[in-house]
Structures are given as structure tokens and as C-alpha cells.
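Visitor: Have a look at the structure that comes next, please.
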Amino acid sequence: MLLHKITTTIILLLFLVGCKEESKNNIKKNPVKINIVDSVLIDSSKIELPKEKFELTEENSIDFFFNYSKELKANKVKLTTTLGSFTIQLYDNVPYHKANFIYLTRKGYFDNTQFHRVVKNFIIQGGNSDNRGTSRKRKDIGRYLLPPDTRKGHKHHRGTVSMPSSEINNPHMLASPFEFFVVVTKPGSYHLDGEYTPFGKVIQGMDVVDKINSQDVGKGDWPSINIYITKAEVIE
């Protein structure tokens with residue numbers, strides 16, 4: 001009986017030693033870095049660290065767009081709406097406004113916004129909406145205004161894309177960066193020159209702009225039927 005117990009113990013010890021050696025060999029063949037969190041093994045190669053949030057402000061926006069404009073090669077944006085699409089060419093010599101428009105396009109800001117103001121035979125204005133998603137996107141991007149840039153020789157001809165000024169505490173006519181308007185008037189609306197900043201022109205799809213301008217409107221020039229920008233994309 002004693003001999004049987006000793007034999008059983010020796011066999012058990014040999015089995016445990018064998019398991020230990022096999023475990024070492026497996027680790028050598030399949031090295032995996034792991035962290036122990038609450039007694040759970042996690043593959044550290046699959047952990048994504050949170051990215052630092054960036055917001056534009058009155059203090060950093062000019063420097064940001066100055067540097068952003070240096071890397072820009074694209075100068076066209078296509079807007080697809082519920083009534084068709086049109087293409088805008090942005091002016092290179094209005095760098096802050098051009099950079100702002102491309103930055104917001106790439107951030108997806110204009111997607112699902114609306115042409116919220118339609119003034120017959122004058123303008124269509126877009127970039128706003130009455131849904132919470134638009135307000136949330138503005139908050140995430142930041143709170144800032146852009147300085148006017150009216151002395152680059154651009155006039156408010158028909159098809160010109162310009163930036164409205166903010167209506168709140170704004171004696172210097174700083175531009176509201178999230179909105180834009182397109183001139184529909186023939187041959188143009190030149191009384192706007194010197195007050196607002198033209199930063200581009202429609203080069204394709206002006207018939208769609210006219211179609212938007214022809215829609216029925218209600219109070220505050222808001223179209224009776226919502227006209228959405230379903231997709232804004234930079235043309236590289």
C-alpha cells in the first residue's frame with residue numbers, strides 16, 4: 001500500500017513538471033503581451049487609447065486655418081441636395097474662408113443640413129437646420145467667427161458663394177463659419193460687395209440653385225418643404 005502511494009505521487013509530480021515545460025514551450029512559440037485588469041486577460045495590441053478632443057475657438061481658429069490652408073490642393077466642393085447637385089470652386093486668395101469650407105466639408109458638417117433661407121431672385125442660404133444633430137456638430141467643432149476678407153477683387157455676381165455675418169454682437173461683420181449663401185440675382189447683387197466675403201462660385205449645376213430658389217417659402221424665408229444637403233464632398 002505504501003509503495004503504491006509513493007508510485008502514485010511520483011507519477012503526479014512527473015505529470016505536473018511535464019505540463020510546466022509544455023506551457024513554457026507554448027509561450028516561446030506564441031508570445032502574447034497581456035495586461036491583467038480585474039483578473040481578465042486582455043491583448044494589449046487591441047487596446048485603443050482615446051484621442052485628444054480638438055475644438056476651434058476665437059483664439060486658435062486663425063492660426064489653425066492659416067496652417068491648414070498651406071496643405072490644401074483641392075479647391076472644389078460638390079453639394080448633393082434633395083433637388084439635385086451643384087459644384088463650387090473656391091477662391092485660392094481667400095485662404096481662411098476656403099480652408100474653413102473644406103475643413104467643415106471633410107468633417108461631415110454640411111451633411112443633413114438644409115437650405116433654410118430662400119429669398120426669391122436674390123439668394124439661397126444653407127448650412128443650418130432645425131434638428132439637434134446640427135447643433136451637436138457645431139458644438140463639437142467649436143465656437144468661432146472668421147474675419148471679413150472683402151478686398152480680393154471678388155464681387156457678388158450671379159453664382160457667387162459668400163459667407164453671411166453673425167447677427168449677434170458683431171460690429172465688425174465677422175463671418176458665421178457654418179453658413180453660406182449663393183447669389184441668384186442676374187447679373188448679381190453688388191450692394192453686398194464690401195460687406196460680405198465671396199469665397200467661391202458655382203461652376204456646375206446653377207440650374208439646381210435656381211430650382212432651390214423657386215421653391216415656396218413660409219415665415220422667415222424658410223422653404224415650405226425641407227431642402228436637405230444630403231452629401232457634401234471635396235473633389236480632389
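Ligands are numbered from 1 in the order shown, chains are lettered A, B, ... in the order of the C-alpha cells, and residues start at 1 in each chain.
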Name the residues in contact with Val183 in chain A at a cut-off of 7 Å, using only C-alpha atoms, excluding same-chain residues fewer than 2 positions from it; report them as a PyMOL selection string.

Guide: chain A and resi 122-124+156-161+181+185+188-189

Visitor: Run DSSP on the backbone of this structure and report the residues of range 127-161 of chain A it assigns to strand (DSSP E or B), as a PyMOL selection string.

Guide: chain A and resi 127-128+142+146+157+160-161

Visitor: For each of A:Phe110, A:Phe66, A:Tyr91, A:Phe54, take the minimum atom-to-atom distance to Val202 in chain A, counting only C-alpha atoms, then give the residue where this is smallest.

Guide: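 Between A:Phe110, A:Phe66, A:Tyr91, A:Phe54, the residue approaching Val202 in chain A most closely is A:Tyr91.
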
Visitor: I want to know what sits within 7 Å of range 96-99 of chain A, based on only C-alpha atoms, with residues of the same chain fewer than 3 positions away left out; could you give that as JSON, numbers by chain?

Guide: {"A": [65, 66, 68, 69, 90, 91, 102, 103, 199]}

Visitor: If you keep N, CA and C atoms, can you produce a file of those selected residues as a PDB file, in the first residue's frame?

Guide:
ATOM      1  N   PHE A  65      -6.449  77.684 -39.402  1.00  0.00           N
ATOM      2  CA  PHE A  65      -6.791  77.726 -40.826  1.00  0.00           C
ATOM      3  C   PHE A  65      -5.642  78.258 -41.683  1.00  0.00           C
ATOM      4  N   PHE A  66      -4.785  79.088 -41.108  1.00  0.00           N
ATOM      5  CA  PHE A  66      -3.595  79.540 -41.841  1.00  0.00           C
ATOM      6  C   PHE A  66      -2.709  78.346 -42.175  1.00  0.00           C
ATOM      7  N   TYR A  68      -3.676  75.108 -42.032  1.00  0.00           N
ATOM      8  CA  TYR A  68      -4.472  74.131 -42.783  1.00  0.00           C
ATOM      9  C   TYR A  68      -4.478  74.474 -44.273  1.00  0.00           C
ATOM     10  N   SER A  69      -4.532  75.765 -44.586  1.00  0.00           N
ATOM     11  CA  SER A  69      -4.603  76.192 -45.989  1.00  0.00           C
ATOM     12  C   SER A  69      -3.317  75.891 -46.748  1.00  0.00           C
ATOM     13  N   LEU A  90     -13.665  77.081 -55.111  1.00  0.00           N
ATOM     14  CA  LEU A  90     -13.284  78.019 -54.058  1.00  0.00           C
ATOM     15  C   LEU A  90     -12.097  78.866 -54.503  1.00  0.00           C
ATOM     16  N   TYR A  91     -12.102  80.137 -54.089  1.00  0.00           N
ATOM     17  CA  TYR A  91     -11.036  81.060 -54.479  1.00  0.00           C
ATOM     18  C   TYR A  91      -9.780  80.815 -53.633  1.00  0.00           C
ATOM     19  N   ILE A 102     -13.640  73.785 -46.657  1.00  0.00           N
ATOM     20  CA  ILE A 102     -13.153  72.426 -46.920  1.00  0.00           C
ATOM     21  C   ILE A 102     -13.049  71.633 -45.621  1.00  0.00           C
ATOM     22  N   TYR A 103     -12.593  72.279 -44.561  1.00  0.00           N
ATOM     23  CA  TYR A 103     -12.477  71.598 -43.262  1.00  0.00           C
ATOM     24  C   TYR A 103     -13.850  71.108 -42.793  1.00  0.00           C
ATOM     25  N   PHE A 199     -16.211  83.746 -51.453  1.00  0.00           N
ATOM     26  CA  PHE A 199     -15.082  82.819 -51.356  1.00  0.00           C
ATOM     27  C   PHE A 199     -15.154  81.697 -52.381  1.00  0.00           C
TER      28      PHE A 199
END

Visitor: Near range 128-143 of chain A, counting only C-alpha atoms, which residues have an atom at most 6 Å away, once you skip same-chain residues fewer than 6 positions from it, shown as an MDAnalysis selection string?

Guide: chainID A and resid 55:57 113:114

Visitor: Which of range 111-229 of chain A counts as alpha helix (DSSP H) under DSSP, as a ChimeraX atom specification please?

Guide: /A:132-141,206-213

Visitor: Measuring atom to atom with only C-alpha atoms, identify which of A:Val234, A:Val94, A:Ile225, A:Val184 is nearest to Gly153 in chain A.

Guide: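 Under the stated criterion, the closest residue is A:Val94.
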
Visitor: Skip range 229-231 of chain A itself and residues of its chain fewer than 4 positions away, then list as a ChimeraX atom specification all residues within 12 Å of it, counting only C-alpha atoms.

Guide: /A:77-87,105-116,125-129,212

Visitor: Output N, CA, C and O atoms for every residue in that selection, as a short mmCIF file (atom, residue, chain, number, x, y, z; two decimals), in the first residue's frame.

Guide:
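The result, written out as out_27.cif:
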data_model
loop_
_atom_site.label_atom_id
_atom_site.label_comp_id
_atom_site.auth_asym_id
_atom_site.auth_seq_id
_atom_site.Cartn_x
_atom_site.Cartn_y
_atom_site.Cartn_z
N VAL A 77 -15.86 71.76 -54.16
CA VAL A 77 -16.76 71.00 -53.29
C VAL A 77 -18.06 70.76 -54.04
O VAL A 77 -18.63 71.68 -54.63
N LYS A 78 -18.51 69.52 -54.00
CA LYS A 78 -19.79 69.16 -54.63
C LYS A 78 -20.85 69.00 -53.55
O LYS A 78 -20.65 68.27 -52.58
N LEU A 79 -21.96 69.68 -53.72
CA LEU A 79 -23.08 69.58 -52.79
C LEU A 79 -24.22 68.83 -53.47
O LEU A 79 -24.72 69.25 -54.52
N THR A 80 -24.61 67.72 -52.87
CA THR A 80 -25.75 66.96 -53.37
C THR A 80 -26.95 67.27 -52.48
O THR A 80 -26.87 67.13 -51.26
N THR A 81 -28.03 67.72 -53.08
CA THR A 81 -29.22 68.11 -52.33
C THR A 81 -30.41 67.23 -52.75
O THR A 81 -30.32 66.44 -53.69
N THR A 82 -31.51 67.40 -52.07
CA THR A 82 -32.71 66.65 -52.41
C THR A 82 -33.33 67.13 -53.72
O THR A 82 -34.27 66.51 -54.23
N LEU A 83 -32.79 68.22 -54.28
CA LEU A 83 -33.30 68.73 -55.57
C LEU A 83 -32.24 68.65 -56.67
O LEU A 83 -32.44 69.19 -57.76
N GLY A 84 -31.13 67.99 -56.38
CA GLY A 84 -30.06 67.88 -57.37
C GLY A 84 -28.73 68.29 -56.77
O GLY A 84 -28.62 68.56 -55.57
N SER A 85 -27.70 68.34 -57.60
CA SER A 85 -26.36 68.67 -57.09
C SER A 85 -25.74 69.82 -57.87
O SER A 85 -26.08 70.06 -59.04
N PHE A 86 -24.83 70.53 -57.21
CA PHE A 86 -24.06 71.57 -57.89
C PHE A 86 -22.66 71.61 -57.30
O PHE A 86 -22.42 71.16 -56.18
N THR A 87 -21.73 72.16 -58.08
CA THR A 87 -20.32 72.17 -57.69
C THR A 87 -19.82 73.59 -57.51
O THR A 87 -20.11 74.47 -58.34
N THR A 105 -16.47 70.56 -44.62
CA THR A 105 -16.93 69.51 -45.53
C THR A 105 -16.33 68.16 -45.16
O THR A 105 -17.03 67.15 -45.08
N ARG A 106 -15.04 68.15 -44.91
CA ARG A 106 -14.36 66.90 -44.56
C ARG A 106 -14.80 66.38 -43.19
O ARG A 106 -14.78 65.16 -42.94
N LYS A 107 -15.21 67.26 -42.32
CA LYS A 107 -15.73 66.85 -41.00
C LYS A 107 -17.16 66.32 -41.09
O LYS A 107 -17.70 65.81 -40.12
N GLY A 108 -17.77 66.45 -42.27
CA GLY A 108 -19.14 65.98 -42.44
C GLY A 108 -20.19 66.94 -41.89
O GLY A 108 -21.36 66.55 -41.71
N TYR A 109 -19.77 68.19 -41.64
CA TYR A 109 -20.71 69.12 -41.02
C TYR A 109 -21.95 69.39 -41.89
O TYR A 109 -23.09 69.39 -41.41
N PHE A 110 -21.73 69.63 -43.19
CA PHE A 110 -22.84 70.05 -44.05
C PHE A 110 -23.82 68.92 -44.36
O PHE A 110 -24.95 69.19 -44.78
N ASP A 111 -23.41 67.67 -44.18
CA ASP A 111 -24.31 66.56 -44.45
C ASP A 111 -25.55 66.64 -43.56
O ASP A 111 -25.44 66.78 -42.33
N ASN A 112 -26.71 66.58 -44.18
CA ASN A 112 -28.02 66.63 -43.50
C ASN A 112 -28.38 68.00 -42.93
O ASN A 112 -29.32 68.11 -42.13
N THR A 113 -27.63 69.04 -43.34
CA THR A 113 -28.09 70.40 -43.05
C THR A 113 -29.05 70.81 -44.17
O THR A 113 -29.30 70.04 -45.10
N GLN A 114 -29.59 72.02 -44.09
CA GLN A 114 -30.62 72.42 -45.04
C GLN A 114 -30.32 73.78 -45.67
O GLN A 114 -29.53 74.57 -45.14
N PHE A 115 -30.98 74.03 -46.80
CA PHE A 115 -31.09 75.40 -47.30
C PHE A 115 -32.30 75.99 -46.58
O PHE A 115 -33.45 75.75 -46.93
N HIS A 116 -31.98 76.72 -45.52
CA HIS A 116 -33.00 77.16 -44.58
C HIS A 116 -33.55 78.55 -44.88
O HIS A 116 -34.50 79.00 -44.23
N GLN A 125 -29.62 80.32 -48.94
CA GLN A 125 -28.66 80.25 -47.83
C GLN A 125 -28.73 78.87 -47.18
O GLN A 125 -29.82 78.37 -46.86
N GLY A 126 -27.57 78.23 -46.98
CA GLY A 126 -27.52 76.89 -46.43
C GLY A 126 -26.55 76.76 -45.27
O GLY A 126 -25.83 77.70 -44.93
N GLY A 127 -26.54 75.55 -44.69
CA GLY A 127 -25.61 75.25 -43.60
C GLY A 127 -26.22 75.23 -42.23
O GLY A 127 -25.51 75.06 -41.23
N ASN A 128 -27.54 75.38 -42.14
CA ASN A 128 -28.20 75.34 -40.84
C ASN A 128 -29.30 74.29 -40.89
O ASN A 128 -29.56 73.69 -41.93
N SER A 129 -29.94 74.06 -39.76
CA SER A 129 -31.01 73.07 -39.69
C SER A 129 -31.74 73.25 -38.37
O SER A 129 -31.23 73.88 -37.43
N ILE A 212 -33.85 75.47 -56.39
CA ILE A 212 -34.00 75.68 -54.94
C ILE A 212 -34.62 77.05 -54.68
O ILE A 212 -35.51 77.19 -53.83
#

Visitor: Which one is closest to Val182 in chain A: A:Asn213, A:Thr150, A:Gln204, A:Ser224? Count only C-alpha atoms.

Guide: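 With only C-alpha atoms as the atom set, the closest residue is A:Asn213.
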
Visitor: What does the distance between CA of Ile88 in chain A and CA of Tyr196 in chain A come to in Å, to one decimal place?

Guide: 17.5 Å

Visitor: Kindly give the distance, in Å, that separates CA of Trp222 in chain A and CA of Phe180 in chain A, rounded to a single decimal.

Guide: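 Computing the Euclidean distance for CA of Trp222 in chain A and CA of Phe180 in chain A yields 15.0 Å.
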